$ cat my_file-v1.cif   # mmCIF, C-alpha atoms
data_input
#
loop_
_atom_site.label_atom_id
_atom_site.label_comp_id
_atom_site.auth_asym_id
_atom_site.auth_seq_id
_atom_site.Cartn_x
_atom_site.Cartn_y
_atom_site.Cartn_z
CA MET A 1 -21.91 15.42 -1.84
CA SER A 2 -18.51 16.60 -2.96
CA THR A 3 -19.16 20.16 -1.71
CA SER A 4 -18.88 19.04 1.93
CA ARG A 5 -15.89 16.81 1.26
CA PRO A 6 -12.69 17.78 3.11
CA ARG A 7 -9.66 18.84 1.13
CA PRO A 8 -7.17 15.94 0.70
CA ILE A 9 -3.92 16.27 2.63
CA GLY A 10 -0.64 17.00 0.88
CA LEU A 11 2.44 14.89 0.31
CA ILE A 12 3.93 15.32 3.79
CA GLY A 13 0.59 14.82 5.55
CA ALA A 14 -0.11 11.65 3.56
CA THR A 15 3.42 10.36 4.19
CA LEU A 16 3.04 10.86 7.94
CA ALA A 17 -0.44 9.30 7.99
CA LEU A 18 0.80 6.21 6.13
CA LEU A 19 3.99 5.96 8.19
CA ARG A 20 1.90 6.13 11.34
CA LYS A 21 -0.28 3.31 9.99
CA ASP A 22 2.76 1.14 9.17
CA LEU A 23 4.31 1.72 12.60
CA LEU A 24 0.98 0.92 14.25
CA ILE A 25 0.74 -2.39 12.37
CA GLU A 26 4.34 -3.17 13.33
CA TRP A 27 3.68 -2.29 16.97
CA ARG A 28 0.57 -4.48 17.10
CA THR A 29 2.22 -7.54 15.54
CA ARG A 30 5.98 -7.00 16.00
CA ALA A 31 6.23 -9.64 13.28
CA ARG A 32 8.93 -7.99 11.23
CA LEU A 33 11.11 -6.72 14.07
CA ASN A 34 11.18 -10.09 15.85
CA ALA A 35 12.02 -11.93 12.64
CA ILE A 36 14.81 -9.64 11.50
CA VAL A 37 16.42 -9.33 14.96
CA PHE A 38 16.75 -13.10 15.33
CA PHE A 39 17.86 -13.52 11.73
CA ALA A 40 20.54 -10.82 12.02
CA LEU A 41 21.75 -12.16 15.37
CA ALA A 42 22.08 -15.61 13.87
CA THR A 43 24.02 -14.16 10.94
CA LEU A 44 26.49 -12.38 13.24
CA LEU A 45 26.94 -15.59 15.19
CA MET A 46 27.53 -17.62 12.03
CA PHE A 47 30.27 -15.25 10.90
CA SER A 48 32.05 -15.67 14.23
CA PHE A 49 31.74 -19.46 14.05
CA ALA A 50 32.86 -19.55 10.41
CA LEU A 51 36.04 -17.59 11.12
CA GLY A 52 36.96 -19.60 14.20
CA PRO A 53 38.88 -18.27 17.17
CA ASP A 54 40.90 -15.64 15.22
CA THR A 55 39.59 -12.54 17.03
CA ARG A 56 41.87 -10.18 15.05
CA LEU A 57 40.16 -11.18 11.81
CA LEU A 58 36.72 -10.70 13.36
CA GLU A 59 37.74 -7.33 14.77
CA LYS A 60 39.19 -6.19 11.45
CA ASN A 61 36.10 -7.12 9.44
CA ALA A 62 33.43 -6.38 12.05
CA GLY A 63 32.01 -3.44 10.08
CA GLY A 64 31.46 -5.57 7.00
CA TYR A 65 29.84 -8.42 8.94
CA PHE A 66 27.60 -5.95 10.79
CA TRP A 67 26.27 -4.48 7.53
CA LEU A 68 25.95 -7.86 5.83
CA ALA A 69 23.77 -9.03 8.74
CA ILE A 70 21.62 -5.90 8.38
CA LEU A 71 21.45 -6.27 4.58
CA PHE A 72 20.33 -9.91 4.75
CA ALA A 73 17.74 -9.07 7.41
CA SER A 74 16.54 -6.04 5.43
CA VAL A 75 15.41 -8.32 2.61
CA LEU A 76 13.00 -9.99 5.02
CA ALA A 77 11.81 -6.66 6.42
CA MET A 78 11.19 -4.99 3.08
CA GLY A 79 9.48 -7.98 1.50
CA GLU A 80 7.15 -8.18 4.49
CA SER A 81 6.32 -4.47 4.27
CA PHE A 82 4.51 -5.08 0.97
CA ARG A 83 2.97 -8.39 2.03
CA VAL A 84 0.81 -6.37 4.43
CA GLU A 85 -0.37 -4.26 1.51
CA SER A 86 -1.14 -7.18 -0.78
CA GLU A 87 -3.44 -8.81 1.78
CA ASN A 88 -7.02 -7.71 0.96
CA ALA A 89 -5.57 -5.51 -1.83
CA CYS A 90 -4.83 -2.77 0.71
CA LEU A 91 -2.41 -1.09 -1.69
CA ASP A 92 -5.34 -0.57 -4.09
CA GLY A 93 -7.34 0.84 -1.20
CA ILE A 94 -4.64 3.42 -0.48
CA ARG A 95 -4.09 4.25 -4.16
CA LEU A 96 -7.78 4.83 -4.73
CA ALA A 97 -8.25 6.79 -1.47
CA PRO A 98 -6.44 8.61 -3.18
CA ALA A 99 -2.98 8.82 -1.62
CA ASP A 100 -0.09 10.29 -3.57
CA PRO A 101 2.03 7.30 -4.73
CA ARG A 102 5.15 9.26 -3.72
CA ALA A 103 3.74 9.43 -0.19
CA ILE A 104 3.31 5.66 -0.24
CA TYR A 105 6.96 5.35 -1.25
CA LEU A 106 8.27 7.78 1.34
CA SER A 107 6.25 6.20 4.16
CA LYS A 108 7.33 2.66 3.27
CA ALA A 109 10.99 3.61 2.80
CA LEU A 110 11.10 5.66 6.02
CA GLY A 111 9.35 2.87 7.92
CA ASN A 112 11.87 0.34 6.63
CA ALA A 113 14.75 2.67 7.50
CA LEU A 114 13.44 3.09 11.07
CA LEU A 115 13.23 -0.67 11.40
CA LEU A 116 16.84 -1.08 10.21
CA ILE A 117 18.01 1.62 12.63
CA ALA A 118 16.28 -0.22 15.48
CA LEU A 119 17.91 -3.44 14.30
CA GLY A 120 21.34 -1.78 14.22
CA ILE A 121 20.88 -0.52 17.78
CA VAL A 122 20.04 -4.05 18.95
CA LEU A 123 22.92 -5.64 17.00
CA LEU A 124 25.61 -3.21 18.13
CA PRO A 125 26.15 -4.51 21.71
CA VAL A 126 26.05 -8.08 20.40
CA MET A 127 28.75 -7.24 17.86
CA VAL A 128 30.87 -5.58 20.55
CA ALA A 129 30.58 -8.67 22.75
CA LEU A 130 31.07 -11.25 19.99
CA TYR A 131 33.81 -9.58 17.97
CA GLY A 132 35.57 -7.73 20.78
CA VAL A 133 35.43 -4.31 19.09
CA LYS A 134 35.22 -0.80 20.59
CA VAL A 135 33.57 2.34 19.33
CA VAL A 136 36.71 4.45 18.99
CA THR A 137 35.60 7.68 17.29
CA GLY A 138 32.35 8.02 19.25
CA PHE A 139 28.69 7.15 19.12
CA VAL A 140 27.75 10.22 17.09
CA ASP A 141 29.87 8.94 14.20
CA LEU A 142 28.44 5.46 14.59
CA GLY A 143 24.89 6.85 14.73
CA THR A 144 25.52 8.85 11.55
CA VAL A 145 26.80 5.77 9.72
CA LEU A 146 23.82 3.75 10.96
CA LEU A 147 21.38 6.44 9.84
CA LEU A 148 22.91 6.89 6.39
CA GLY A 149 23.33 3.13 5.93
CA SER A 150 19.74 2.32 6.89
CA LEU A 151 18.43 5.01 4.54
CA ALA A 152 20.73 3.81 1.73
CA LEU A 153 19.44 0.23 2.02
CA SER A 154 15.77 1.07 2.50
CA ALA A 155 15.38 3.46 -0.46
CA PRO A 156 16.22 1.01 -3.29
CA GLY A 157 14.96 -1.94 -1.22
CA THR A 158 11.48 -0.43 -1.02
CA VAL A 159 11.35 0.12 -4.78
CA TYR A 160 12.42 -3.46 -5.48
CA ALA A 161 10.12 -4.86 -2.80
CA ALA A 162 7.22 -3.16 -4.60
CA ILE A 163 8.35 -4.57 -7.95
CA SER A 164 8.81 -8.09 -6.64
CA SER A 165 5.70 -8.14 -4.42
CA ASN A 166 3.52 -9.43 -7.27
CA ALA A 167 6.06 -11.92 -8.58
CA ARG A 168 5.77 -15.62 -7.86
CA ALA A 169 9.43 -15.95 -6.87
CA ARG A 170 9.46 -12.69 -4.89
CA ASP A 171 11.66 -14.10 -2.10
CA VAL A 172 14.39 -14.79 -4.65
CA LEU A 173 13.76 -11.79 -6.88
CA LEU A 174 14.18 -9.11 -4.21
CA PRO A 175 17.76 -9.99 -3.18
CA LEU A 176 18.69 -10.65 -6.82
CA LEU A 177 17.63 -7.12 -7.73
CA LEU A 178 18.78 -5.37 -4.57
CA PHE A 179 22.21 -6.80 -3.80
CA PRO A 180 24.04 -5.68 -6.98
CA LEU A 181 22.62 -2.17 -6.65
CA VAL A 182 23.71 -1.62 -3.05
CA ILE A 183 27.26 -2.98 -3.40
CA PRO A 184 28.79 0.54 -3.60
CA ALA A 185 26.85 1.64 -0.52
CA LEU A 186 27.79 -1.58 1.28
CA LEU A 187 31.50 -1.02 0.60
CA SER A 188 31.25 2.54 1.92
CA LEU A 189 29.34 1.39 4.99
CA ALA A 190 31.86 -1.35 5.80
CA LYS A 191 34.74 1.09 5.44
CA ALA A 192 33.07 3.87 7.44
CA THR A 193 32.08 1.48 10.23
CA SER A 194 35.62 0.06 10.36
CA LEU A 195 36.97 3.58 10.79
CA VAL A 196 34.53 4.21 13.64
CA LEU A 197 35.51 0.94 15.32
CA GLN A 198 39.27 1.01 14.72
CA GLY A 199 40.05 4.71 14.74
CA ASP A 200 40.41 7.30 12.00
CA PRO A 201 43.96 8.75 12.15
CA MET A 202 43.83 9.98 8.53
CA ASN A 203 40.40 11.68 8.88
CA GLN A 204 38.86 9.57 6.12
CA LEU A 205 35.46 9.13 7.75
CA GLY A 206 34.07 12.41 6.41
CA SER A 207 34.78 11.35 2.81
CA TRP A 208 33.01 8.02 3.27
CA LEU A 209 30.03 9.72 4.91
CA GLY A 210 29.91 12.19 2.02
CA LEU A 211 29.89 9.29 -0.42
CA LEU A 212 27.05 7.66 1.51
CA LEU A 213 25.11 10.92 1.45
CA GLY A 214 25.58 10.99 -2.32
CA PHE A 215 24.29 7.42 -2.67
CA ASN A 216 21.29 8.36 -0.56
CA LEU A 217 20.46 11.35 -2.73
CA ILE A 218 20.58 9.18 -5.85
CA TYR A 219 18.65 6.24 -4.37
CA TRP A 220 15.91 8.37 -2.79
CA GLY A 221 15.61 10.64 -5.83
CA VAL A 222 15.27 7.75 -8.27
CA GLY A 223 12.82 5.92 -5.99
CA PHE A 224 10.69 9.04 -5.52
CA VAL A 225 10.43 9.54 -9.29
CA LEU A 226 10.01 5.88 -10.33
CA PHE A 227 7.69 4.55 -7.62
CA PRO A 228 4.44 6.07 -8.96
CA ARG A 229 5.03 4.34 -12.30
CA ILE A 230 5.76 1.06 -10.56
CA ILE A 231 2.55 0.88 -8.57
CA GLU A 232 0.29 2.47 -11.17
CA ASP A 233 1.53 0.72 -14.31
CA MET B 1 -26.77 22.67 -22.30
CA PRO B 2 -27.40 18.95 -21.63
CA SER B 3 -25.65 17.38 -18.60
CA LEU B 4 -22.67 15.13 -19.18
CA PRO B 5 -23.19 11.37 -18.72
CA ALA B 6 -22.15 10.06 -15.31
CA LEU B 7 -19.90 7.64 -17.09
CA ALA B 8 -19.05 7.05 -20.72
CA LEU B 9 -17.14 4.21 -22.35
CA HIS B 10 -15.74 4.84 -25.81
CA ASP B 11 -14.69 1.64 -27.58
CA VAL B 12 -13.06 0.38 -24.38
CA SER B 13 -11.02 -2.83 -24.35
CA LYS B 14 -8.98 -4.43 -21.60
CA ARG B 15 -6.61 -7.33 -22.10
CA TYR B 16 -4.93 -9.54 -19.47
CA GLY B 17 -2.11 -11.37 -21.23
CA ARG B 18 -3.81 -13.01 -24.21
CA ARG B 19 -7.34 -12.82 -22.82
CA TRP B 20 -9.63 -9.91 -23.60
CA ALA B 21 -11.68 -9.14 -20.47
CA LEU B 22 -13.52 -6.30 -22.25
CA ALA B 23 -13.80 -5.96 -26.01
CA ARG B 24 -14.73 -2.67 -27.72
CA LEU B 25 -17.33 -1.67 -25.15
CA THR B 26 -19.25 1.54 -25.81
CA TYR B 27 -21.84 2.80 -23.36
CA ALA B 28 -23.03 6.02 -21.67
CA LEU B 29 -24.97 6.24 -18.42
CA PRO B 30 -27.35 9.22 -18.43
CA PRO B 31 -26.94 11.65 -15.51
CA GLY B 32 -29.02 10.95 -12.42
CA ARG B 33 -29.46 7.26 -13.29
CA SER B 34 -27.98 4.19 -11.63
CA LEU B 35 -26.62 1.20 -13.47
CA LEU B 36 -26.99 -2.50 -12.84
CA LEU B 37 -24.16 -4.60 -14.29
CA THR B 38 -25.04 -8.22 -14.92
CA GLY B 39 -23.31 -11.16 -16.53
CA HIS B 40 -21.83 -14.53 -15.73
CA ASN B 41 -18.60 -14.97 -13.82
CA GLY B 42 -15.72 -13.81 -16.00
CA SER B 43 -17.95 -11.66 -18.21
CA GLY B 44 -15.96 -8.50 -17.40
CA LYS B 45 -18.06 -6.86 -14.64
CA THR B 46 -15.24 -6.54 -12.12
CA THR B 47 -12.80 -5.36 -14.78
CA LEU B 48 -15.25 -2.66 -15.85
CA LEU B 49 -15.72 -1.51 -12.25
CA ARG B 50 -11.95 -1.40 -11.73
CA LEU B 51 -11.54 0.67 -14.89
CA LEU B 52 -14.19 3.11 -13.66
CA ALA B 53 -12.45 3.27 -10.27
CA THR B 54 -9.13 3.98 -12.07
CA ALA B 55 -7.56 0.93 -10.44
CA LEU B 56 -6.80 -0.22 -14.00
CA SER B 57 -6.12 1.57 -17.27
CA PRO B 58 -7.82 0.45 -20.49
CA THR B 59 -5.75 -1.32 -23.12
CA ALA B 60 -7.61 0.67 -25.78
CA GLY B 61 -10.42 3.21 -25.86
CA ARG B 62 -11.36 5.98 -23.46
CA VAL B 63 -13.16 5.90 -20.12
CA GLU B 64 -14.89 9.05 -18.88
CA VAL B 65 -16.09 9.27 -15.30
CA LEU B 66 -18.18 12.24 -14.15
CA GLY B 67 -17.13 14.06 -17.31
CA ARG B 68 -13.39 13.53 -16.79
CA ASP B 69 -10.91 11.23 -18.49
CA ALA B 70 -10.20 8.31 -16.15
CA VAL B 71 -6.53 8.13 -17.19
CA ALA B 72 -5.53 11.78 -17.73
CA ASP B 73 -7.52 13.07 -14.71
CA ARG B 74 -6.95 10.00 -12.56
CA ASP B 75 -6.30 11.78 -9.26
CA SER B 76 -9.32 14.04 -9.64
CA VAL B 77 -11.57 11.09 -10.53
CA ARG B 78 -10.31 9.07 -7.57
CA ARG B 79 -11.40 11.76 -5.15
CA ASP B 80 -15.01 11.50 -6.35
CA VAL B 81 -15.31 7.73 -6.83
CA ALA B 82 -15.44 4.93 -4.25
CA LEU B 83 -15.22 1.21 -4.90
CA LEU B 84 -16.67 -1.61 -2.83
CA SER B 85 -14.65 -4.52 -4.15
CA HIS B 86 -14.35 -8.27 -3.63
CA ALA B 87 -11.17 -7.38 -1.73
CA SER B 88 -12.06 -5.42 1.37
CA PHE B 89 -9.04 -3.04 1.37
CA LEU B 90 -8.87 -3.66 5.15
CA TYR B 91 -5.71 -4.13 7.22
CA GLU B 92 -6.14 -7.38 9.14
CA ASP B 93 -3.97 -6.35 12.10
CA LEU B 94 -5.67 -3.00 12.66
CA THR B 95 -8.98 -2.59 14.45
CA ALA B 96 -12.13 -1.55 12.62
CA HIS B 97 -11.76 1.96 14.08
CA GLN B 98 -8.09 2.22 13.12
CA ASN B 99 -8.85 1.09 9.56
CA LEU B 100 -11.37 3.88 9.12
CA THR B 101 -9.17 6.43 10.90
CA VAL B 102 -6.29 5.77 8.48
CA LEU B 103 -8.57 6.50 5.52
CA ALA B 104 -10.13 9.53 7.26
CA ARG B 105 -6.65 11.00 7.79
CA LEU B 106 -5.76 10.47 4.13
CA LEU B 107 -8.99 12.17 3.11
CA GLY B 108 -8.16 15.15 5.30
CA HIS B 109 -11.16 14.60 7.57
CA PRO B 110 -11.20 17.33 10.27
CA SER B 111 -11.80 14.82 13.10
CA PRO B 112 -10.77 11.37 11.84
CA LYS B 113 -11.49 9.46 15.05
CA ASP B 114 -14.96 10.93 15.54
CA GLY B 115 -15.80 10.40 11.88
CA ALA B 116 -14.71 6.77 12.13
CA SER B 117 -16.76 6.20 15.29
CA ALA B 118 -19.88 7.71 13.72
CA LEU B 119 -19.62 5.49 10.66
CA LEU B 120 -19.04 2.37 12.74
CA SER B 121 -22.29 3.10 14.56
CA ARG B 122 -24.03 3.65 11.23
CA VAL B 123 -23.03 0.20 9.94
CA GLY B 124 -23.72 -1.51 13.28
CA LEU B 125 -20.13 -2.28 14.24
CA GLU B 126 -19.74 0.09 17.20
CA LYS B 127 -19.37 -2.80 19.67
CA ARG B 128 -16.54 -4.32 17.62
CA SER B 129 -14.76 -1.08 16.83
CA ASP B 130 -11.67 -1.94 18.88
CA ASN B 131 -11.34 -5.51 17.62
CA PRO B 132 -8.78 -6.39 14.94
CA VAL B 133 -10.31 -7.10 11.55
CA ARG B 134 -8.56 -10.51 11.54
CA GLY B 135 -11.29 -11.85 13.83
CA PHE B 136 -14.21 -10.48 11.79
CA SER B 137 -16.70 -12.63 9.90
CA ALA B 138 -17.18 -12.09 6.15
CA GLY B 139 -20.40 -10.16 6.79
CA MET B 140 -18.72 -7.85 9.30
CA ARG B 141 -15.91 -7.19 6.84
CA LYS B 142 -18.50 -6.25 4.23
CA ARG B 143 -20.12 -3.82 6.68
CA LEU B 144 -16.76 -2.27 7.45
CA ALA B 145 -16.00 -2.02 3.74
CA ILE B 146 -19.26 -0.13 3.14
CA ALA B 147 -18.34 2.19 6.04
CA ARG B 148 -15.05 2.80 4.23
CA LEU B 149 -16.99 3.68 1.07
CA LEU B 150 -19.39 6.00 2.94
CA LEU B 151 -16.43 7.79 4.56
CA LYS B 152 -15.35 8.97 1.12
CA ALA B 153 -18.73 10.60 0.45
CA PRO B 154 -18.36 9.82 -3.27
CA ASP B 155 -20.26 11.16 -6.28
CA LEU B 156 -20.00 7.75 -7.94
CA ALA B 157 -20.24 4.53 -5.90
CA LEU B 158 -19.07 1.31 -7.56
CA LEU B 159 -20.40 -1.77 -5.82
CA ASP B 160 -19.07 -5.19 -6.78
CA GLU B 161 -21.35 -7.95 -5.43
CA PRO B 162 -22.36 -5.92 -2.36
CA PHE B 163 -24.86 -8.56 -1.16
CA GLY B 164 -22.37 -11.42 -1.20
CA GLU B 165 -21.54 -12.95 2.22
CA LEU B 166 -24.33 -11.00 3.93
CA ASP B 167 -27.13 -12.53 5.99
CA PRO B 168 -30.75 -11.44 5.32
CA ALA B 169 -30.50 -8.58 7.83
CA GLY B 170 -27.22 -7.52 6.27
CA ILE B 171 -28.78 -7.56 2.79
CA ARG B 172 -31.61 -5.32 4.02
CA ASP B 173 -29.09 -2.95 5.57
CA MET B 174 -27.05 -2.89 2.35
CA GLU B 175 -30.18 -2.06 0.35
CA GLY B 176 -30.78 0.76 2.81
CA PHE B 177 -27.24 2.11 2.33
CA ILE B 178 -27.61 2.01 -1.45
CA ALA B 179 -30.98 3.80 -1.23
CA GLU B 180 -29.36 6.45 1.02
CA LEU B 181 -26.55 6.97 -1.47
CA LYS B 182 -29.04 7.41 -4.29
CA ALA B 183 -31.17 9.78 -2.23
CA ALA B 184 -28.03 11.87 -1.64
CA GLY B 185 -27.53 12.20 -5.39
CA VAL B 186 -24.76 9.61 -5.70
CA THR B 187 -24.61 7.68 -8.97
CA VAL B 188 -24.51 3.97 -8.19
CA VAL B 189 -23.07 1.25 -10.41
CA LEU B 190 -23.98 -2.14 -9.01
CA ALA B 191 -22.63 -5.50 -10.18
CA THR B 192 -24.55 -8.47 -8.87
CA HIS B 193 -25.91 -11.88 -9.77
CA LEU B 194 -29.10 -11.04 -7.84
CA VAL B 195 -30.81 -9.48 -10.85
CA GLU B 196 -34.24 -8.84 -9.30
CA GLN B 197 -32.71 -7.15 -6.27
CA GLY B 198 -30.46 -5.08 -8.50
CA MET B 199 -33.31 -4.08 -10.81
CA SER B 200 -35.25 -2.73 -7.84
CA LEU B 201 -32.33 -0.40 -7.06
CA CYS B 202 -31.18 0.67 -10.55
CA GLU B 203 -32.87 2.28 -13.52
CA GLU B 204 -30.46 1.13 -16.23
CA ARG B 205 -28.97 -2.26 -17.01
CA LEU B 206 -25.87 -3.36 -18.89
CA HIS B 207 -25.45 -7.09 -19.49
CA LEU B 208 -21.98 -8.33 -20.31
CA GLN B 209 -20.98 -11.55 -22.00
CA ASP B 210 -17.33 -12.31 -22.74
CA GLY B 211 -16.51 -8.65 -22.30
CA ARG B 212 -19.14 -7.38 -24.74
CA ALA B 213 -22.48 -5.68 -24.13
CA VAL B 214 -25.38 -7.93 -25.16
CA ASP B 215 -29.14 -7.91 -24.67
CA ALA B 216 -30.08 -9.57 -21.38
#
$ encode --input "my_file-v1.cif" --output "C-alpha cells"
Amino acid sequence: MSTSRPRPIGLIGATLALLRKDLLIEWRTRARLNAIVFFALATLLMFSFALGPDTRLLEKNAGGYFWLAILFASVLAMGESFRVESENACLDGIRLAPADPRAIYLSKALGNALLLIALGIVLLPVMVALYGVKVVTGFVDLGTVLLLGSLALSAPGTVYAAISSNARARDVLLPLLLFPLVIPALLSLAKATSLVLQGDPMNQLGSWLGLLLGFNLIYWGVGFVLFPRIIED
Amino acid sequence: MPSLPALALHDVSKRYGRRWALARLTYALPPGRSLLLTGHNGSGKTTLLRLLATALSPTAGRVEVLGRDAVADRDSVRRDVALLSHASFLYEDLTAHQNLTVLARLLGHPSPKDGASALLSRVGLEKRSDNPVRGFSAGMRKRLAIARLLLKAPDLALLDEPFGELDPAGIRDMEGFIAELKAAGVTVVLATHLVEQGMSLCEERLHLQDGRAVDA
C-alpha cells in the first residue's frame, strides 16, 4: 500500500497545516481569545485602581502595566493551547501522523504569538483611555514592539506549556517556569513601549528593539532545538 | 533470502515508575501473518501496541517494525504504521471532515478535502461530516477513528480494542474494514478481549500476563 502513499509535507508545510488547524479551533470556539481579553482588561483596570487618581504615575508606567497584563493573560492562552492537544491524546495523533515535532512547536508558538498580537491590539485603545497616554513616535514603532514582544513571550511560553501540560499542578508550574525566564524581555518591552508612548529624544528605541530581536533569536532557537526532545521523551 | 518478520521484539521491557508493564518480551511475527494480542486488563497489550506505534520507547531491548528499528528509524516507521487507540486522536471542536482534512494535509494528500469526504462515506459518516466531534456518540467516534487509520494507508495497522463501544452493525463493519486491510496486504495486530472474534481474523496469537508472554 505504501507505493501509492503521498509524500509527507516538509517542515513549513506541516507548520502551516497545524497553524491553520489551531486557528480554526480558536475561530470555532473563541474560548482562548475571550478569556484572555477579559482577563487582561481586568488587569489593566486593577492597576489603575491600585494606583489611585495619580495619572502621571499611570502615564509613566503604562508600558510596564500593558506588558504585565499581556504576560499574565499569555499564561492562560499558552496553557490552553496544549489542553486542546491533551484531550483525546491529539498530540499523539499528530506525532504519529507523523508531523515533525519542530513543526508542532512552530505552529503552536506562532499561534500563541498571533493571539497575543490580537490581544495587544484590543488592549491598546483601552490603555490610552484609562491611562491617558499617546502614541508619540508612531504606530509603526508600537506595532514593531508588539510583534517582537508577542514573539518573545510565546516562544519560551510554548516550550514551558508543553512541559507543564502533563503535570498535576500545571496552572502553577507554567508561570513559575516562564516568569523568571522572560524578565529580561519584559524589561526591554516596558522600556521600549515607554519610549513609544512618551517620546524618544535620545533615539534609544532602536537599541531596545535590537535587544528584543536578540532575545527572540535565543528563545526561538532554543525552543526549536529542545521541543522535539520534550514531546518525544 | 527469507523475508523479514513484520515485527520483532528482542528482550523488550517497559517500565512506568516502579511497575514493569512489559518484562523481557521476545517475539517475531512472520511476514504476511496477522497477530491477535490477548490478556487481562493491565497485562501489557496497550503498552506493546504503543511501542510498536513508536508512541513510546522501550526501557530495555529492541523493537523492530517492518524490518526497521522503532527508535532509530522512528520517523520512517511512523509513516508506515497506524494506530487505532483507546484515545481517538480527534479534535472535539472540529467537524469530522475537518479532523480528517488536517491529517490528510499532514500526510501530503493531493486533495485533502476530497480524500476526507470519500473516507467519511466509506465509514458511514457522510451525513455527519460537518458536525463537530463533540456531539458524536462513542460508536461514531470509533468509526471516525478507523477512517483516520484508513487515510494513512498503513503497512502495519495496530488496533486496540477496535470492537469496543460498537453496536452489532458497527462490529460487522469493523470486521469488514479489518478484512479489507488484510486483503490489501496490511499486517494487522489486534488487541481484544473478544478472543473468538479475534481468532477468526488473525493467524497468530500472543497472550500476555503481567507483561510476559505465556501460553493461552
$ resolve_selection --input "my_file-v1.cif" --expression "the PyMOL selection byres ((chain A) within 8 of (chain B))" --output "compact mmCIF listing (two decimals) with C-alpha atoms, in the coordinates of the input"
# COMPACT_ATOMS: atom_id res chain seq x y z
CA MET A 1 -21.91 15.42 -1.84
CA SER A 2 -18.51 16.60 -2.96
CA ARG A 5 -15.89 16.81 1.26
CA PRO A 6 -12.69 17.78 3.11
CA ARG A 7 -9.66 18.84 1.13
CA PRO A 8 -7.17 15.94 0.70
CA ILE A 9 -3.92 16.27 2.63
CA GLY A 13 0.59 14.82 5.55
CA ALA A 14 -0.11 11.65 3.56
CA ALA A 17 -0.44 9.30 7.99
CA LEU A 18 0.80 6.21 6.13
CA LYS A 21 -0.28 3.31 9.99
CA LEU A 24 0.98 0.92 14.25
CA ILE A 25 0.74 -2.39 12.37
CA ARG A 28 0.57 -4.48 17.10
CA THR A 29 2.22 -7.54 15.54
CA VAL A 84 0.81 -6.37 4.43
CA GLU A 85 -0.37 -4.26 1.51
CA GLU A 87 -3.44 -8.81 1.78
CA ASN A 88 -7.02 -7.71 0.96
CA ALA A 89 -5.57 -5.51 -1.83
CA CYS A 90 -4.83 -2.77 0.71
CA LEU A 91 -2.41 -1.09 -1.69
CA ASP A 92 -5.34 -0.57 -4.09
CA GLY A 93 -7.34 0.84 -1.20
CA ILE A 94 -4.64 3.42 -0.48
CA ARG A 95 -4.09 4.25 -4.16
CA LEU A 96 -7.78 4.83 -4.73
CA ALA A 97 -8.25 6.79 -1.47
CA PRO A 98 -6.44 8.61 -3.18
CA ALA A 99 -2.98 8.82 -1.62
$ residues_around --input "my_file-v1.cif" --residues "B:Gly211" --least-positions-apart "5" --cutoff "6 Å" --atoms "all atoms listed in the file" --output "PyMOL selection string"
chain B and resi 21-23+43-44
$ resolve_selection --input "my_file-v1.cif" --expression "the PyMOL selection byres ((chain A and resi 231) around 12)" --output "PyMOL selection string"
(chain A and resi 82+85-86+91-92+94-96+99-102+104-105+158-166+223-230+232-233) or (chain B and resi 55-56)
$ resolve_selection --input "my_file-v1.cif" --expression "the PyMOL selection byres ((chain A and resi 113) around 10)" --output "short mmCIF file (atom, residue, chain, number, x, y, z; two decimals) with C-alpha atoms, in the coordinates of the input"
data_model
loop_
_atom_site.label_atom_id
_atom_site.label_comp_id
_atom_site.auth_asym_id
_atom_site.auth_seq_id
_atom_site.Cartn_x
_atom_site.Cartn_y
_atom_site.Cartn_z
CA SER A 74 16.54 -6.04 5.43
CA ALA A 77 11.81 -6.66 6.42
CA MET A 78 11.19 -4.99 3.08
CA SER A 107 6.25 6.20 4.16
CA LYS A 108 7.33 2.66 3.27
CA ALA A 109 10.99 3.61 2.80
CA LEU A 110 11.10 5.66 6.02
CA GLY A 111 9.35 2.87 7.92
CA ASN A 112 11.87 0.34 6.63
CA LEU A 114 13.44 3.09 11.07
CA LEU A 115 13.23 -0.67 11.40
CA LEU A 116 16.84 -1.08 10.21
CA ILE A 117 18.01 1.62 12.63
CA ALA A 118 16.28 -0.22 15.48
CA LEU A 119 17.91 -3.44 14.30
CA LEU A 146 23.82 3.75 10.96
CA LEU A 147 21.38 6.44 9.84
CA LEU A 148 22.91 6.89 6.39
CA GLY A 149 23.33 3.13 5.93
CA SER A 150 19.74 2.32 6.89
CA LEU A 151 18.43 5.01 4.54
CA ALA A 152 20.73 3.81 1.73
CA LEU A 153 19.44 0.23 2.02
CA SER A 154 15.77 1.07 2.50
CA ALA A 155 15.38 3.46 -0.46
CA GLY A 157 14.96 -1.94 -1.22
CA THR A 158 11.48 -0.43 -1.02
#
$ residues_around --input "my_file-v1.cif" --residues "A:Leu68" --least-positions-apart "4" --cutoff "8 Å" --atoms "all atoms listed in the file" --output "list in words"
Gly64, Phe72 and Leu186 of chain A
$ residues_near_point --input "my_file-v1.cif" --point "(31.2, -2.0, 4.9)" --cutoff "12 Å" --atoms "only C-alpha atoms" --output "VMD selection string"
chain A and resid 60 to 71 145 to 146 149 182 to 197 208 to 209 212
$ closest_residue --input "my_file-v1.cif" --among "A:Met202, A:Tyr219, A:Leu16, A:Thr137" --to "A:Leu181" --atoms "only C-alpha atoms"
A:Tyr219
$ atom_distance --input "my_file-v1.cif" --atom1 "atom CA of A:Leu19" --atom2 "atom CA of A:Ser81"
11.4 Å
$ residues_near_point --input "my_file-v1.cif" --point "(-24.6, 15.1, -16.3)" --cutoff "8 Å" --atoms "only C-alpha atoms" --output "PyMOL selection string"
chain B and resi 2-6+30-32+66-67
$ atom_distance --input "my_file-v1.cif" --atom1 "atom CA of A:Gly210" --atom2 "atom CA of A:Asp141"
12.6 Å
$ atom_distance --input "my_file-v1.cif" --atom1 "atom CA of B:Thr187" --atom2 "atom CA of B:Glu204"
11.4 Å
$ residues_around --input "my_file-v1.cif" --residues "A:Asp171" --least-positions-apart "3" --cutoff "9 Å" --atoms "all atoms listed in the file" --output "JSON, numbers by chain"
{"A": [75, 76, 79, 164, 165, 167, 168, 174, 175]}
$ axis_aligned_box --input "my_file-v1.cif" --around "stretch 186-204 of chain B" --padding-each-side "8 Å" --output "AutoDock Vina command-line options"
--center_x -28.9 --center_y -1.1 --center_z -11.0 --size_x 28.6 --size_y 37.5 --size_z 26.5
